[in-house]
Amino acid sequence: MADRTAAVARLLIVDDNKVNRLLLARQLELAGHNAAVAENGRVALELLRREPFDLVLLDMEMPEMDGFQVLEQMTGDLALRDIPVIVTTSLEGIDSTVRCIELGAEDYLHKPVNPVLLKARIGASLEKKRLRDRQKELMRRFATPEVERDLATSGFALGGKRVDASVMFVDIRGFTTLAESQPPEETIELLNTYYTLMFDAIAGHGGIVSLMIGDGLMVIFGAPAPLPGHAEAAVRAALEMVETMALFSIERERAGKAPLAIGIGIASGAMVAGYVGTNERATYTCVGDVVNVASRLESHTKAAKRPILIDAATAAALGGRVPVEALGPVEVKGRAAPVEAFAVAASSERD
Amino acid sequence: MSDAAIDAATFRELQEAAGAEFVAELVGTFLDEAPRMTNALAAALAAGDADAFRRTAHSLKSNAATFGALQLAALARELEQRAAGVVAAGDARALDALLAEHARVASALAELKDG
């Protein structure tokens with residue numbers, strides 16, 4: 001058989017009847033597909049969990065494990081739920097058709113399978129799968145694995161829920177000046193390196209990036225999945241980020257380029273997290289007073305000449321495990337009442 | 001319904017779709033597998049296993065329809081639907097018509113395969 005290429009789809013035929021298996025395999029082969037066979041549901045699931053498949057042709061009536069059980073298991077398995085299933089059966093009655101559709105079958109073909117219909121349905125299913133795969137790929141690129149999993153398990157719905165979390169804002173200091181002093185290509189490359197370093201530190205401490213604007217980042221610790229000790233996780237991520245940027249600056253200076261510094265603001269407490277936007281374009285984010293405080297603290301890092309500023313709730317949650325310095329009440333833009341700010345000492349500062 | 005064991009139009013369509021040579025092989029597989037299915041029907045009936053009886057009748061119905069054995073498919077379908085009753089009654093004679101039609105289909109298919 002020829003090597004698997006992008007154009008050749010790999011299909012799995014599941015049927016306990018040998019004549020049906022051979023005939024379907026022949027029809028698929030003639031249509032230019034690559035097919036594997038399984039004689040019952042149990043064998044099919046073993047194969048599906050071992051090798052990648054683009055589509056499953058599933059018989060319903062089988063010994064050991066029938067098609068309904070296979071559909072149930074596939075729907076409950078994140079790795080298998082997106083593989084389209086075309087049910088091929090001679091079961092009669094609307095009941096079994098309805099049950100298959102309810103269990104997530106993509107299409108339904110009556111046996112003996114008409115080759116022209118088979119070809120058309122397979123083509124349509126594979127096209128849908130390609131679109132879904134592309135969406136998943138885009139999702140991977142633009143969302144974090146946590147948000148992707150949350151979407152996969154609970155589905156997409158606009159609207160939020162109350163969570164207890166920490167939110168972090170990050171910015172490169174003097175980025176605009178820097179961007180003006182160098183060609184845009186260099187800025188893009190710099191941003192990509194910066195994002196790679198920041199995302200690594202953030203993900204390593206359980207945070208998810210909610211927004212990216214220019215050189216600015218908004219990060220959530222504690223949603224969509226609850227994160228015990230989210231305040232400390234956020235502070236430890238911040239320390240790692242500042243330290244990473246210090247190392248990156250040393251490299252830049254060796255290459256004759258300007259060093260980079262970042263400012264980070266963190267606040268903790270109750271907020272509302274969820275998908276905000278429209279059904280076509282939405283982002284996972286959180287809103288609330290805590291979010292404003294974190295954003296303002298980040299803005300204040302420049303005036304305070306401290307890389308990391310946190311609010312009282314975050315400082316209290318640290319329980320002395322990370323040294324902080326109380327800066328007292330700080331007047332921040334956009335808020336009537338001053339905010340109690342605490343500076344976290346980054347090791348690069350102590351040097 | 002025609003009196004022929006195999007509906008010529010269905011069989012020809014199958015040959016056109018899958019290739020005559022392949023269909024000859026497929027008929028060979030069916031002739032090998034079919035006695036196992038008819039034996040399984042009798043065994044399920046004797047053992048009182050209505051589920052196995054229904055599943056086997058279902059499988060036989062599906063294969064018969066593939067080759068255009070329309071009467072065999074109809075008889076298998078009837079047994080599939082009446083499986084619970086037939087097995088509960090231990091009605092071995094319910095199989096007679098199906099076994100006779102199966103023999104007729106097998107010889108017709110053997111002829112078509114070599115012809």
# chains A, B, ... in the order shown; residues from 1 in each chain; ligands from 1
$ interface_residues --of "chain A" --to "chain B" --cutoff "9 Å" --atoms "only C-alpha atoms" --output "short mmCIF file (atom, residue, chain, number, x, y, z; two decimals) with N, CA, C and O atoms, in the first residue's frame"
data_model
loop_
_atom_site.label_atom_id
_atom_site.label_comp_id
_atom_site.auth_asym_id
_atom_site.auth_seq_id
_atom_site.Cartn_x
_atom_site.Cartn_y
_atom_site.Cartn_z
N ASP A 16 -18.76 -7.27 12.12
CA ASP A 16 -18.46 -8.64 12.54
C ASP A 16 -18.60 -9.62 11.37
O ASP A 16 -18.16 -10.75 11.45
N ASN A 17 -19.21 -9.18 10.29
CA ASN A 17 -19.45 -10.07 9.15
C ASN A 17 -18.34 -9.91 8.11
O ASN A 17 -18.07 -8.82 7.63
N LYS A 18 -17.72 -11.06 7.79
CA LYS A 18 -16.55 -11.02 6.92
C LYS A 18 -16.86 -10.50 5.52
O LYS A 18 -16.10 -9.72 4.96
N VAL A 19 -18.00 -10.93 4.97
CA VAL A 19 -18.39 -10.50 3.63
C VAL A 19 -18.57 -8.97 3.61
O VAL A 19 -18.08 -8.28 2.71
N ASN A 20 -19.23 -8.44 4.64
CA ASN A 20 -19.42 -6.98 4.72
C ASN A 20 -18.08 -6.25 4.84
O ASN A 20 -17.88 -5.21 4.20
N LEU A 22 -15.08 -7.25 3.82
CA LEU A 22 -14.34 -7.32 2.56
C LEU A 22 -14.92 -6.37 1.53
O LEU A 22 -14.19 -5.66 0.83
N LEU A 23 -16.26 -6.35 1.45
CA LEU A 23 -16.90 -5.52 0.43
C LEU A 23 -16.68 -4.03 0.71
O LEU A 23 -16.33 -3.26 -0.19
N ARG A 26 -13.14 -3.09 -0.06
CA ARG A 26 -12.95 -2.98 -1.50
C ARG A 26 -13.49 -1.65 -2.03
O ARG A 26 -12.84 -0.97 -2.83
N GLN A 27 -14.68 -1.28 -1.56
CA GLN A 27 -15.28 -0.03 -2.03
C GLN A 27 -14.42 1.17 -1.63
O GLN A 27 -14.26 2.11 -2.41
N LEU A 30 -11.25 1.25 -3.78
CA LEU A 30 -11.55 1.78 -5.11
C LEU A 30 -11.73 3.29 -5.07
O LEU A 30 -11.47 3.98 -6.05
N GLU A 61 -24.78 -4.13 15.02
CA GLU A 61 -24.99 -5.46 15.59
C GLU A 61 -23.68 -6.23 15.59
O GLU A 61 -23.21 -6.67 14.55
N MET A 62 -23.06 -6.36 16.74
CA MET A 62 -21.81 -7.11 16.81
C MET A 62 -21.71 -7.82 18.14
O MET A 62 -22.20 -7.30 19.14
N PRO A 63 -21.08 -9.00 18.16
CA PRO A 63 -20.86 -9.66 19.45
C PRO A 63 -19.74 -8.94 20.22
O PRO A 63 -19.04 -8.10 19.66
N THR A 89 -25.53 -0.08 8.75
CA THR A 89 -26.26 -1.16 9.40
C THR A 89 -27.48 -1.59 8.61
O THR A 89 -28.00 -0.84 7.79
N SER A 90 -27.93 -2.80 8.87
CA SER A 90 -29.21 -3.20 8.33
C SER A 90 -30.24 -3.30 9.45
O SER A 90 -31.29 -3.91 9.29
N LEU A 91 -29.91 -2.67 10.59
CA LEU A 91 -30.92 -2.58 11.65
C LEU A 91 -32.07 -1.75 11.13
O LEU A 91 -31.87 -0.75 10.46
N LYS A 111 -27.46 -0.91 4.92
CA LYS A 111 -26.79 -1.99 4.18
C LYS A 111 -27.82 -2.77 3.38
O LYS A 111 -28.94 -2.94 3.83
N PRO A 112 -27.50 -3.32 2.20
CA PRO A 112 -26.19 -3.19 1.56
C PRO A 112 -25.93 -1.75 1.14
O PRO A 112 -26.82 -1.09 0.63
N VAL A 113 -24.71 -1.32 1.39
CA VAL A 113 -24.36 0.08 1.19
C VAL A 113 -24.21 0.40 -0.30
O VAL A 113 -23.49 -0.28 -1.02
N PRO A 115 -22.65 2.10 -3.25
CA PRO A 115 -21.29 2.64 -3.38
C PRO A 115 -21.24 4.14 -3.68
O PRO A 115 -20.34 4.84 -3.20
N VAL A 116 -22.22 4.63 -4.45
CA VAL A 116 -22.21 6.06 -4.79
C VAL A 116 -22.51 6.90 -3.54
O VAL A 116 -21.83 7.88 -3.25
#
$ residues_around --residues "A:Arg99" --least-positions-apart "2" --cutoff "12 Å" --atoms "only C-alpha atoms" --output "list in words"
Met60, Gly67, Phe68, Gln69, Leu71, Glu72, Val87, Leu91, Gly93, Ile94, Asp95, Ser96, Thr97, Ile101, Glu102, Leu103, Gly104, Ala105, Glu106, Asp107 and Tyr108 of chain A
$ write_last_selection --atoms "C-alpha atoms" --output "PDB file, in the first residue's frame"
ATOM      1  CA  MET A  60     -24.213  -1.768  15.076  1.00  0.00           C
ATOM      2  CA  GLY A  67     -21.779  -0.288  17.806  1.00  0.00           C
ATOM      3  CA  PHE A  68     -23.832   1.590  20.404  1.00  0.00           C
ATOM      4  CA  GLN A  69     -21.197   0.844  23.038  1.00  0.00           C
ATOM      5  CA  LEU A  71     -20.223   5.256  20.019  1.00  0.00           C
ATOM      6  CA  GLU A  72     -20.675   5.765  23.762  1.00  0.00           C
ATOM      7  CA  VAL A  87     -23.069   3.984  10.920  1.00  0.00           C
ATOM      8  CA  LEU A  91     -30.916  -2.581  11.652  1.00  0.00           C
ATOM      9  CA  GLY A  93     -36.619   1.101  12.680  1.00  0.00           C
ATOM     10  CA  ILE A  94     -36.340   4.773  13.408  1.00  0.00           C
ATOM     11  CA  ASP A  95     -35.389   4.044  17.026  1.00  0.00           C
ATOM     12  CA  SER A  96     -31.916   2.768  16.211  1.00  0.00           C
ATOM     13  CA  THR A  97     -31.308   5.645  13.781  1.00  0.00           C
ATOM     14  CA  ILE A 101     -27.538  10.259  16.042  1.00  0.00           C
ATOM     15  CA  GLU A 102     -28.010  10.975  19.741  1.00  0.00           C
ATOM     16  CA  LEU A 103     -24.768   9.147  20.422  1.00  0.00           C
ATOM     17  CA  GLY A 104     -22.972  11.415  17.989  1.00  0.00           C
ATOM     18  CA  ALA A 105     -22.886   9.424  14.751  1.00  0.00           C
ATOM     19  CA  GLU A 106     -22.228  11.728  11.831  1.00  0.00           C
ATOM     20  CA  ASP A 107     -24.241   9.842   9.259  1.00  0.00           C
ATOM     21  CA  TYR A 108     -26.255   6.695   8.720  1.00  0.00           C
TER      22      TYR A 108
END
$ residues_around --residues "A:Ala231" --least-positions-apart "6" --cutoff "7 Å" --atoms "only C-alpha atoms" --output "list in words"
Ser166, Ser268, Thr314 and Ala317 of chain A
$ residues_around --residues "A:Ile202" --least-positions-apart "2" --cutoff "12 Å" --atoms "only C-alpha atoms" --output "VMD selection string"
chain A and resid 144 167 to 170 195 to 200 204 to 210 217 to 221 230 233 to 242 244
$ write_last_selection --atoms "N, CA, C and O atoms" --output "short mmCIF file (atom, residue, chain, number, x, y, z; two decimals), in the first residue's frame"
data_model
loop_
_atom_site.label_atom_id
_atom_site.label_comp_id
_atom_site.auth_asym_id
_atom_site.auth_seq_id
_atom_site.Cartn_x
_atom_site.Cartn_y
_atom_site.Cartn_z
N THR A 144 -5.14 28.48 25.29
CA THR A 144 -4.28 27.62 26.09
C THR A 144 -4.90 26.23 26.13
O THR A 144 -6.10 26.07 25.89
N VAL A 167 -5.35 37.51 39.00
CA VAL A 167 -5.17 37.99 37.64
C VAL A 167 -3.88 38.81 37.57
O VAL A 167 -3.52 39.50 38.52
N MET A 168 -3.18 38.67 36.47
CA MET A 168 -1.87 39.30 36.30
C MET A 168 -1.84 40.10 35.00
O MET A 168 -2.33 39.64 33.98
N PHE A 169 -1.27 41.31 35.08
CA PHE A 169 -1.01 42.09 33.87
C PHE A 169 0.50 42.24 33.72
O PHE A 169 1.21 42.43 34.70
N VAL A 170 0.96 42.12 32.48
CA VAL A 170 2.40 42.21 32.20
C VAL A 170 2.61 43.18 31.04
O VAL A 170 1.82 43.19 30.09
N TYR A 195 7.21 36.45 24.08
CA TYR A 195 6.01 35.65 24.34
C TYR A 195 6.37 34.21 24.69
O TYR A 195 5.78 33.60 25.58
N THR A 196 7.33 33.66 23.95
CA THR A 196 7.73 32.27 24.21
C THR A 196 8.22 32.12 25.65
O THR A 196 7.81 31.22 26.37
N LEU A 197 9.08 33.07 26.07
CA LEU A 197 9.63 33.01 27.43
C LEU A 197 8.53 33.21 28.48
O LEU A 197 8.45 32.50 29.47
N MET A 198 7.64 34.18 28.23
CA MET A 198 6.58 34.48 29.20
C MET A 198 5.57 33.34 29.29
O MET A 198 5.18 32.93 30.38
N PHE A 199 5.14 32.82 28.13
CA PHE A 199 4.14 31.74 28.11
C PHE A 199 4.67 30.53 28.86
O PHE A 199 3.93 29.84 29.55
N ASP A 200 5.97 30.28 28.71
CA ASP A 200 6.57 29.12 29.35
C ASP A 200 6.50 29.27 30.87
O ASP A 200 6.09 28.35 31.59
N GLY A 204 3.97 27.09 33.22
CA GLY A 204 4.65 26.29 34.23
C GLY A 204 4.06 26.45 35.62
O GLY A 204 4.23 25.60 36.48
N HIS A 205 3.35 27.56 35.86
CA HIS A 205 2.74 27.79 37.16
C HIS A 205 1.22 27.72 37.09
O HIS A 205 0.53 28.18 38.01
N GLY A 206 0.69 27.19 36.01
CA GLY A 206 -0.77 26.94 35.92
C GLY A 206 -1.58 28.13 35.47
O GLY A 206 -2.81 28.12 35.57
N GLY A 207 -0.94 29.18 34.93
CA GLY A 207 -1.70 30.33 34.47
C GLY A 207 -2.16 30.16 33.03
O GLY A 207 -1.60 29.35 32.29
N ILE A 208 -3.18 30.87 32.63
CA ILE A 208 -3.60 30.86 31.24
C ILE A 208 -3.63 32.30 30.72
O ILE A 208 -4.03 33.22 31.43
N VAL A 209 -3.15 32.47 29.50
CA VAL A 209 -3.11 33.81 28.91
C VAL A 209 -4.48 34.12 28.34
O VAL A 209 -4.99 33.39 27.50
N SER A 210 -5.08 35.18 28.82
CA SER A 210 -6.42 35.54 28.38
C SER A 210 -6.35 36.54 27.22
O SER A 210 -7.07 36.39 26.24
N LEU A 217 0.13 41.53 28.32
CA LEU A 217 -0.52 40.23 28.53
C LEU A 217 -1.45 40.32 29.72
O LEU A 217 -1.12 40.99 30.72
N MET A 218 -2.59 39.64 29.63
CA MET A 218 -3.44 39.46 30.79
C MET A 218 -3.49 37.96 31.05
O MET A 218 -3.75 37.17 30.16
N VAL A 219 -3.21 37.59 32.29
CA VAL A 219 -3.10 36.17 32.63
C VAL A 219 -4.02 35.85 33.81
O VAL A 219 -4.13 36.66 34.74
N ILE A 220 -4.68 34.68 33.75
CA ILE A 220 -5.56 34.26 34.84
C ILE A 220 -4.98 33.01 35.50
O ILE A 220 -4.57 32.06 34.82
N PHE A 221 -4.96 33.03 36.82
CA PHE A 221 -4.59 31.84 37.60
C PHE A 221 -5.83 31.44 38.40
O PHE A 221 -6.30 32.23 39.21
N HIS A 230 -3.60 29.86 43.99
CA HIS A 230 -3.43 30.62 42.75
C HIS A 230 -2.63 31.91 42.95
O HIS A 230 -1.88 32.31 42.07
N ALA A 233 1.00 31.00 43.11
CA ALA A 233 1.41 30.54 41.77
C ALA A 233 1.66 31.74 40.85
O ALA A 233 2.65 31.77 40.11
N ALA A 234 0.78 32.74 40.94
CA ALA A 234 0.92 33.93 40.10
C ALA A 234 2.21 34.68 40.46
O ALA A 234 2.95 35.12 39.58
N VAL A 235 2.48 34.82 41.77
CA VAL A 235 3.68 35.54 42.21
C VAL A 235 4.94 34.78 41.79
O VAL A 235 5.91 35.38 41.30
N ARG A 236 4.91 33.45 41.94
CA ARG A 236 6.09 32.67 41.54
C ARG A 236 6.31 32.73 40.02
O ARG A 236 7.45 32.80 39.55
N ALA A 237 5.23 32.75 39.28
CA ALA A 237 5.36 32.90 37.82
C ALA A 237 5.98 34.26 37.51
O ALA A 237 6.87 34.37 36.67
N ALA A 238 5.52 35.30 38.24
CA ALA A 238 6.02 36.67 38.02
C ALA A 238 7.53 36.73 38.29
O ALA A 238 8.28 37.33 37.52
N LEU A 239 7.94 36.10 39.40
CA LEU A 239 9.38 36.09 39.73
C LEU A 239 10.19 35.42 38.62
O LEU A 239 11.24 35.91 38.22
N GLU A 240 9.65 34.29 38.12
CA GLU A 240 10.35 33.58 37.05
C GLU A 240 10.41 34.44 35.78
O GLU A 240 11.43 34.47 35.08
N MET A 241 9.31 35.15 35.51
CA MET A 241 9.27 36.00 34.31
C MET A 241 10.30 37.12 34.39
O MET A 241 11.00 37.40 33.41
N VAL A 242 10.37 37.76 35.55
CA VAL A 242 11.32 38.85 35.72
C VAL A 242 12.75 38.33 35.59
O VAL A 242 13.60 38.95 34.93
N THR A 244 13.76 35.61 34.00
CA THR A 244 13.99 35.20 32.61
C THR A 244 14.33 36.42 31.76
O THR A 244 15.23 36.39 30.92
#
$ closest_residue --among "A:Gly229, A:Glu253, A:Leu58, A:Cys286" --to "A:Arg321" --atoms "only C-alpha atoms"
A:Gly229
$ residues_around --residues "B:Leu45" --least-positions-apart "6" --cutoff "7 Å" --atoms "only C-alpha atoms" --output "compact mmCIF listing (two decimals) with N, CA and C atoms, in the first residue's frame"
# COMPACT_ATOMS: atom_id res chain seq x y z
N PHE B 53 -29.30 -15.74 18.07
CA PHE B 53 -30.16 -16.13 16.95
C PHE B 53 -30.50 -14.90 16.10
N VAL B 87 -37.21 -18.70 19.31
CA VAL B 87 -36.30 -19.33 20.27
C VAL B 87 -37.06 -19.78 21.51
N GLY B 90 -38.75 -22.86 20.78
CA GLY B 90 -37.85 -23.93 20.35
C GLY B 90 -38.30 -24.50 19.00
$ residues_around --residues "B:Leu98" --least-positions-apart "5" --cutoff "9 Å" --atoms "only C-alpha atoms" --output "PyMOL selection string"
chain B and resi 38+71-72+75-76+79+103
